[in-house]
>>> print(open('coords33.pdb').read())   # PDB, C-alpha atoms
ATOM      1  CA  MET A   1      -4.872   3.086-108.503
ATOM      2  CA  ASP A   2      -8.479   2.144-109.298
ATOM      3  CA  GLY A   3      -9.617   5.308-107.574
ATOM      4  CA  MET A   4      -7.243   7.476-109.580
ATOM      5  CA  VAL A   5      -7.634   5.938-113.045
ATOM      6  CA  ASN A   6     -11.046   4.378-113.460
ATOM      7  CA  SER A   7     -10.868   1.724-116.193
ATOM      8  CA  ASN A   8     -14.665   1.305-115.982
ATOM      9  CA  ALA A   9     -15.486   4.921-116.742
ATOM     10  CA  PRO A  10     -18.215   5.234-119.405
ATOM     11  CA  ARG A  11     -16.349   7.943-121.282
ATOM     12  CA  PRO A  12     -14.418   6.515-124.260
ATOM     13  CA  ILE A  13     -10.653   6.440-123.961
ATOM     14  CA  MET A  14     -10.380   8.261-127.277
ATOM     15  CA  GLN A  15     -13.012   9.468-129.744
ATOM     16  CA  TRP A  16     -13.689  11.947-132.517
ATOM     17  CA  LYS A  17     -14.031  15.474-131.219
ATOM     18  CA  ARG A  18     -17.588  16.446-130.374
ATOM     19  CA  ASP A  19     -19.332  19.562-131.640
ATOM     20  CA  ASP A  20     -20.389  20.578-128.115
ATOM     21  CA  LEU A  21     -17.002  21.868-127.050
ATOM     22  CA  PRO A  22     -16.917  22.725-123.315
ATOM     23  CA  ARG A  23     -17.203  26.430-122.602
ATOM     24  CA  ASP A  24     -13.838  26.540-120.818
ATOM     25  CA  GLU A  25     -12.040  25.270-123.966
ATOM     26  CA  ARG A  26     -13.589  27.579-126.575
ATOM     27  CA  ASP A  27     -11.136  30.457-126.209
ATOM     28  CA  GLY A  28      -8.728  30.652-129.140
ATOM     29  CA  VAL A  29     -10.109  27.587-130.958
ATOM     30  CA  VAL A  30      -9.070  27.223-134.605
ATOM     31  CA  TYR A  31     -11.683  25.546-136.823
ATOM     32  CA  LEU A  32     -10.887  23.741-140.057
ATOM     33  CA  GLY A  33     -13.481  22.297-142.374
ATOM     34  CA  TRP A  34     -16.735  23.291-143.978
ATOM     35  CA  ASP A  35     -19.237  26.084-143.721
ATOM     36  CA  SER A  36     -22.741  25.741-142.290
ATOM     37  CA  LYS A  37     -24.297  24.482-145.535
ATOM     38  CA  GLN A  38     -21.595  21.854-146.041
ATOM     39  CA  ARG A  39     -21.969  20.965-142.398
ATOM     40  CA  LYS A  40     -25.586  19.900-142.941
ATOM     41  CA  LEU A  41     -24.551  17.588-145.766
ATOM     42  CA  LEU A  42     -21.309  16.179-144.399
ATOM     43  CA  GLY A  43     -21.601  16.611-140.655
ATOM     44  CA  ARG A  44     -23.011  13.166-140.042
ATOM     45  CA  LEU A  45     -20.204  11.478-141.979
ATOM     46  CA  PHE A  46     -17.183  13.541-141.022
ATOM     47  CA  PRO A  47     -16.490  15.168-137.663
ATOM     48  CA  GLN A  48     -15.813  18.850-137.306
ATOM     49  CA  ILE A  49     -12.077  19.502-137.185
ATOM     50  CA  TYR A  50     -10.894  22.043-134.641
ATOM     51  CA  TYR A  51      -7.895  22.652-132.441
ATOM     52  CA  THR A  52      -8.129  24.090-128.946
ATOM     53  CA  ARG A  53      -5.311  26.004-127.306
ATOM     54  CA  LEU A  54      -4.044  22.717-125.850
ATOM     55  CA  ASP A  55      -4.269  21.032-129.256
ATOM     56  CA  GLN A  56      -2.280  23.869-130.808
ATOM     57  CA  ALA A  57       0.459  23.470-128.199
ATOM     58  CA  LEU A  58       0.591  19.719-128.849
ATOM     59  CA  LEU A  59       0.777  20.255-132.621
ATOM     60  CA  LEU A  60       3.602  22.733-132.185
ATOM     61  CA  TRP A  61       5.596  20.212-130.154
ATOM     62  CA  ALA A  62       4.817  17.437-132.643
ATOM     63  CA  ILE A  63       6.296  19.501-135.468
ATOM     64  CA  ALA A  64       9.356  20.520-133.447
ATOM     65  CA  VAL A  65      10.058  16.953-132.313
ATOM     66  CA  ALA A  66       9.727  15.622-135.864
ATOM     67  CA  VAL A  67      12.123  18.259-137.211
ATOM     68  CA  ILE A  68      14.710  17.605-134.493
ATOM     69  CA  PHE A  69      14.738  13.815-134.524
ATOM     70  CA  PHE A  70      14.244  13.265-138.242
ATOM     71  CA  THR A  71      17.051  15.698-139.018
ATOM     72  CA  ALA A  72      19.304  13.804-136.606
ATOM     73  CA  GLN A  73      18.414  10.560-138.395
ATOM     74  CA  PHE A  74      18.568  11.601-142.035
ATOM     75  CA  HIS A  75      20.556  14.815-142.291
ATOM     76  CA  ALA A  76      22.742  15.089-139.217
ATOM     77  CA  PHE A  77      25.208  17.970-138.989
ATOM     78  CA  ASP A  78      27.770  19.021-136.384
ATOM     79  CA  TRP A  79      26.527  17.887-132.961
ATOM     80  CA  HIS A  80      27.593  21.067-131.202
ATOM     81  CA  HIS A  81      25.754  23.145-133.767
ATOM     82  CA  GLN A  82      22.730  20.871-133.463
ATOM     83  CA  ALA A  83      22.747  21.318-129.695
ATOM     84  CA  ARG A  84      22.580  25.095-130.060
ATOM     85  CA  VAL A  85      19.935  25.095-132.774
ATOM     86  CA  TRP A  86      17.681  22.452-131.219
ATOM     87  CA  SER A  87      17.999  23.875-127.713
ATOM     88  CA  GLY A  88      16.980  27.290-129.010
ATOM     89  CA  LEU A  89      14.055  25.803-130.914
ATOM     90  CA  SER A  90      12.925  23.710-127.944
ATOM     91  CA  LEU A  91      13.068  26.614-125.502
ATOM     92  CA  SER A  92      11.123  28.820-127.912
ATOM     93  CA  VAL A  93       8.467  26.150-128.378
ATOM     94  CA  LEU A  94       8.370  25.548-124.619
ATOM     95  CA  VAL A  95       7.588  29.196-123.912
ATOM     96  CA  PHE A  96       5.066  29.579-126.720
ATOM     97  CA  SER A  97       3.255  26.299-126.033
ATOM     98  CA  SER A  98       3.094  27.019-122.298
ATOM     99  CA  VAL A  99       1.507  30.401-122.957
ATOM    100  CA  CYS A 100      -0.838  28.826-125.514
ATOM    101  CA  ALA A 101      -2.016  26.067-123.159
ATOM    102  CA  TRP A 102      -2.125  28.188-120.009
ATOM    103  CA  SER A 103      -5.820  29.101-120.312
ATOM    104  CA  TRP A 104      -6.669  25.395-120.624
ATOM    105  CA  ALA A 105      -4.537  24.617-117.559
ATOM    106  CA  VAL A 106      -6.263  27.317-115.541
ATOM    107  CA  ALA A 107      -9.738  26.148-116.586
ATOM    108  CA  LYS A 108      -8.907  22.535-115.701
ATOM    109  CA  ASN A 109      -7.055  23.500-112.509
ATOM    110  CA  ALA A 110      -4.034  21.740-114.010
ATOM    111  CA  ARG A 111      -1.281  24.351-113.960
ATOM    112  CA  TRP A 112       0.962  21.651-112.541
ATOM    113  CA  VAL A 113       0.855  19.902-115.940
ATOM    114  CA  ILE A 114       2.536  22.897-117.592
ATOM    115  CA  PHE A 115       5.219  23.042-114.899
ATOM    116  CA  LEU A 116       5.742  19.275-115.007
ATOM    117  CA  TRP A 117       6.409  19.192-118.741
ATOM    118  CA  ALA A 118       8.498  22.352-118.605
ATOM    119  CA  GLY A 119      10.665  20.668-115.977
ATOM    120  CA  ILE A 120      10.945  17.469-118.010
ATOM    121  CA  THR A 121      11.931  19.432-121.109
ATOM    122  CA  LEU A 122      14.584  21.415-119.254
ATOM    123  CA  VAL A 123      16.030  18.276-117.648
ATOM    124  CA  GLY A 124      16.178  16.560-121.032
ATOM    125  CA  LEU A 125      17.810  19.547-122.703
ATOM    126  CA  GLY A 126      20.277  19.931-119.865
ATOM    127  CA  LEU A 127      21.361  16.291-119.996
ATOM    128  CA  THR A 128      21.508  16.290-123.790
ATOM    129  CA  ASP A 129      23.620  19.441-124.022
ATOM    130  CA  TYR A 130      25.864  18.278-121.188
ATOM    131  CA  GLY A 131      26.438  14.979-122.955
ATOM    132  CA  ILE A 132      27.253  16.684-126.247
ATOM    133  CA  TYR A 133      29.513  19.460-124.978
ATOM    134  CA  ARG A 134      31.288  17.249-122.454
ATOM    135  CA  SER A 135      31.406  14.240-124.790
ATOM    136  CA  VAL A 136      29.798  11.984-122.190
ATOM    137  CA  ILE A 137      29.599   8.728-124.134
ATOM    138  CA  PRO A 138      26.881   6.998-122.019
ATOM    139  CA  ILE A 139      24.555   9.967-122.588
ATOM    140  CA  LEU A 140      25.375  10.258-126.293
ATOM    141  CA  LEU A 141      24.691   6.565-126.824
ATOM    142  CA  ASN A 142      21.356   6.788-125.017
ATOM    143  CA  LEU A 143      19.817  10.059-126.168
ATOM    144  CA  CYS A 144      16.774   8.310-127.611
ATOM    145  CA  PRO A 145      16.089   6.114-124.549
ATOM    146  CA  LEU A 146      16.612   9.230-122.427
ATOM    147  CA  TRP A 147      13.897  11.209-124.202
ATOM    148  CA  LEU A 148      11.509   8.279-124.480
ATOM    149  CA  GLY A 149      11.961   7.586-120.780
ATOM    150  CA  LEU A 150      11.430  11.200-119.751
ATOM    151  CA  CYS A 151       8.294  11.446-121.888
ATOM    152  CA  ALA A 152       6.984   8.170-120.454
ATOM    153  CA  VAL A 153       7.450   9.504-116.928
ATOM    154  CA  GLY A 154       5.702  12.744-117.870
ATOM    155  CA  TYR A 155       2.756  10.941-119.425
ATOM    156  CA  GLY A 156       2.539   8.554-116.482
ATOM    157  CA  VAL A 157       2.375  11.329-113.895
ATOM    158  CA  THR A 158      -0.085  13.305-116.026
ATOM    159  CA  ALA A 159      -2.235  10.207-116.567
ATOM    160  CA  VAL A 160      -2.596   9.583-112.851
ATOM    161  CA  GLY A 161      -3.138  13.242-112.022
ATOM    162  CA  MET A 162      -5.758  13.711-114.746
ATOM    163  CA  GLU A 163      -7.269  10.231-114.492
ATOM    164  CA  SER A 164      -6.580   9.457-118.145
ATOM    165  CA  ARG A 165      -6.458   5.955-119.579
ATOM    166  CA  ALA A 166      -5.435   7.360-122.949
ATOM    167  CA  LEU A 167      -2.241   8.785-121.476
ATOM    168  CA  LEU A 168      -1.510   5.488-119.749
ATOM    169  CA  GLY A 169      -1.773   3.855-123.167
ATOM    170  CA  ILE A 170       0.749   6.327-124.509
ATOM    171  CA  VAL A 171       3.125   5.351-121.704
ATOM    172  CA  VAL A 172       2.871   1.787-123.004
ATOM    173  CA  LEU A 173       3.630   2.965-126.554
ATOM    174  CA  HIS A 174       6.784   4.677-125.331
ATOM    175  CA  GLY A 175       7.790   1.458-123.602
ATOM    176  CA  VAL A 176       7.274  -0.448-126.849
ATOM    177  CA  ALA A 177       9.428   2.131-128.632
ATOM    178  CA  LEU A 178      12.234   1.488-126.147
ATOM    179  CA  GLY A 179      12.082  -2.172-127.158
ATOM    180  CA  LEU A 180      12.110  -1.271-130.850
ATOM    181  CA  LEU A 181      15.351   0.625-130.358
ATOM    182  CA  ARG A 182      17.005  -2.713-129.571
ATOM    183  CA  LEU A 183      15.430  -4.442-132.575
ATOM    184  CA  TRP A 184      16.347  -1.710-135.065
ATOM    185  CA  PRO A 185      19.442   0.023-133.661
ATOM    186  CA  ALA A 186      20.113   1.734-137.002
ATOM    187  CA  TRP A 187      16.951   3.871-136.733
ATOM    188  CA  PRO A 188      16.937   5.269-133.187
ATOM    189  CA  PHE A 189      16.028   8.862-134.010
ATOM    190  CA  LEU A 190      13.385   7.852-136.542
ATOM    191  CA  ILE A 191      11.693   5.548-134.009
ATOM    192  CA  THR A 192      11.936   8.046-131.163
ATOM    193  CA  GLY A 193      10.774  11.036-133.182
ATOM    194  CA  GLY A 194       8.001   9.022-134.811
ATOM    195  CA  VAL A 195       6.578   7.781-131.512
ATOM    196  CA  ILE A 196       6.857  11.042-129.573
ATOM    197  CA  SER A 197       5.568  13.182-132.437
ATOM    198  CA  GLY A 198       2.898  10.651-133.410
ATOM    199  CA  CYS A 199       1.486  10.518-129.890
ATOM    200  CA  LEU A 200       1.316  14.302-129.752
ATOM    201  CA  LEU A 201      -0.532  14.377-133.071
ATOM    202  CA  LEU A 202      -2.920  11.712-131.819
ATOM    203  CA  LEU A 203      -3.776  13.708-128.708
ATOM    204  CA  ALA A 204      -4.252  16.876-130.750
ATOM    205  CA  GLN A 205      -6.524  15.226-133.317
ATOM    206  CA  PHE A 206      -8.842  13.278-131.017
ATOM    207  CA  GLU A 207     -10.746  13.884-127.799
ATOM    208  CA  TRP A 208      -9.202  11.803-125.002
ATOM    209  CA  ASP A 209     -10.412  10.993-121.525
ATOM    210  CA  HIS A 210      -9.352  13.232-118.658
ATOM    211  CA  ARG A 211     -11.046  14.864-115.736
TER     212      ARG A 211
END
>>> encode(input="coords33.pdb", output="structure tokens")
Amino acid sequence: MDGMVNSNAPRPIMQWKRDDLPRDERDGVVYLGWDSKQRKLLGRLFPQIYYTRLDQALLLWAIAVAVIFFTAQFHAFDWHHQARVWSGLSLSVLVFSSVCAWSWAVAKNARWVIFLWAGITLVGLGLTDYGIYRSVIPILLNLCPLWLGLCAVGYGVTAVGMESRALLGIVVLHGVALGLLRLWPAWPFLITGGVISGCLLLLAQFEWDHR
């Protein structure tokens, strides 16, 4: 494990995004912030805000996850209708985010990451829809642990493959969330959506360690 995830690496686990964006990540970058004059005045205090293709894919998933889980917590409607709507939304986001992040995956020689998360998403959707349409009580009672567990597995595999301590930390956060589900059983979708979406936002906003 030490050879795959080096805890002594000099690169910070997570930091503000640097101005010297690698050449292979510049395609399709969206910049937010100030112009060149403002940059001279504020640049030393506030980092430049930008979102790479990978960041954009992560933001898209963060929004979708928040909408799905927070709706289930605060404004739930017919489960069968939810299954259709959320499955359609998830599949649309899956396709769009995969296309968006593909150039990053090619540049990093990490196409397997796209396929891994596509597989995890499809497995999760399949189990969720099966549980809803077939009224499988064990699945319905454990939808939140199911998604937290699948995401933890995905982050764990990605962390090892990309030598990322930040992603290993996110695995721990998902494990903590599983424990919180037992402490606050009345808020399962809020906890699950908050953790999954929050971690995606975190990865999109900051620069995190990976090879």
>>> resolve_selection(input="coords33.pdb", expression="the PyMOL selection byres ((chain A and resi 53-56) around 6)", output="mmCIF file with C-alpha atoms, in the coordinates of the input")
data_model
loop_
_atom_site.group_PDB
_atom_site.id
_atom_site.type_symbol
_atom_site.label_atom_id
_atom_site.label_comp_id
_atom_site.auth_asym_id
_atom_site.auth_seq_id
_atom_site.Cartn_x
_atom_site.Cartn_y
_atom_site.Cartn_z
ATOM 1 C CA TYR A 51 -7.895 22.652 -132.441
ATOM 2 C CA THR A 52 -8.129 24.090 -128.946
ATOM 3 C CA ALA A 57 0.459 23.470 -128.199
ATOM 4 C CA LEU A 58 0.591 19.719 -128.849
ATOM 5 C CA LEU A 59 0.777 20.255 -132.621
ATOM 6 C CA CYS A 100 -0.838 28.826 -125.514
ATOM 7 C CA ALA A 101 -2.016 26.067 -123.159
ATOM 8 C CA ALA A 204 -4.252 16.876 -130.750
#
>>> closest_atom_pairs(input="coords33.pdb", of="stretch 112-134 of chain A", to="stretch 160-183 of chain A", cutoff="12 Å", atoms="all atoms listed in the file", output="JSON lines")
{"residue": "A:Trp112", "atom": "CA", "partner": "A:Gly161", "partner_atom": "CA", "distance": 9.4}
{"residue": "A:Val113", "atom": "CA", "partner": "A:Gly161", "partner_atom": "CA", "distance": 8.7}
{"residue": "A:Leu116", "atom": "CA", "partner": "A:Gly161", "partner_atom": "CA", "distance": 11.1}
>>> resolve_selection(input="coords33.pdb", expression="the PyMOL selection byres ((chain A and resi 108) around 12)", output="PyMOL selection string")
chain A and resi 22-25+54+101-107+109-114+161-162+210-211
>>> atom_distance(input="coords33.pdb", atom1="atom CA of A:Gln73", atom2="atom CA of A:Thr128")
16.0 Å
>>> resolve_selection(input="coords33.pdb", expression="the PyMOL selection byres ((chain A and resi 68) around 10)", output="number ranges by chain")
A: 63-67, 69-73, 76, 82, 85-87, 89-90, 189, 193
>>> closest_residue(input="coords33.pdb", among="A:Pro188, A:Gly194, A:Gly119, A:Gly154", to="A:Leu141", atoms="only C-alpha atoms")
A:Pro188
>>> residues_around(input="coords33.pdb", residues="A:Leu122", least_positions_apart="4", cutoff="12 Å", atoms="only C-alpha atoms", output="PyMOL selection string")
chain A and resi 87-88+90-95+115-118+126-130+147+150
>>> atom_distance(input="coords33.pdb", atom1="atom CA of A:Asp27", atom2="atom CA of A:Ser97")
15.0 Å
>>> decode(input="coords33.pdb", residues="stretch 54-72 of chain A", atoms="C-alpha atoms", output="mmCIF file, in the first residue's frame")
data_model
loop_
_atom_site.group_PDB
_atom_site.id
_atom_site.type_symbol
_atom_site.label_atom_id
_atom_site.label_comp_id
_atom_site.auth_asym_id
_atom_site.auth_seq_id
_atom_site.Cartn_x
_atom_site.Cartn_y
_atom_site.Cartn_z
ATOM 1 C CA LEU A 54 -13.309 17.237 -14.586
ATOM 2 C CA ASP A 55 -14.444 19.927 -12.143
ATOM 3 C CA GLN A 56 -17.477 20.638 -14.310
ATOM 4 C CA ALA A 57 -18.428 16.955 -14.311
ATOM 5 C CA LEU A 58 -18.080 16.820 -10.520
ATOM 6 C CA LEU A 59 -20.203 19.960 -10.090
ATOM 7 C CA LEU A 60 -22.893 18.514 -12.323
ATOM 8 C CA TRP A 61 -23.056 15.361 -10.204
ATOM 9 C CA ALA A 62 -23.045 17.399 -6.987
ATOM 10 C CA ILE A 63 -26.112 19.316 -8.143
ATOM 11 C CA ALA A 64 -27.918 16.185 -9.337
ATOM 12 C CA VAL A 65 -27.213 14.291 -6.109
ATOM 13 C CA ALA A 66 -28.403 17.215 -3.982
ATOM 14 C CA VAL A 67 -31.639 17.509 -5.969
ATOM 15 C CA ILE A 68 -32.355 13.773 -5.764
ATOM 16 C CA PHE A 69 -31.606 13.170 -2.098
ATOM 17 C CA PHE A 70 -32.901 16.445 -0.698
ATOM 18 C CA THR A 71 -36.162 16.014 -2.590
ATOM 19 C CA ALA A 72 -36.488 12.508 -1.146
#
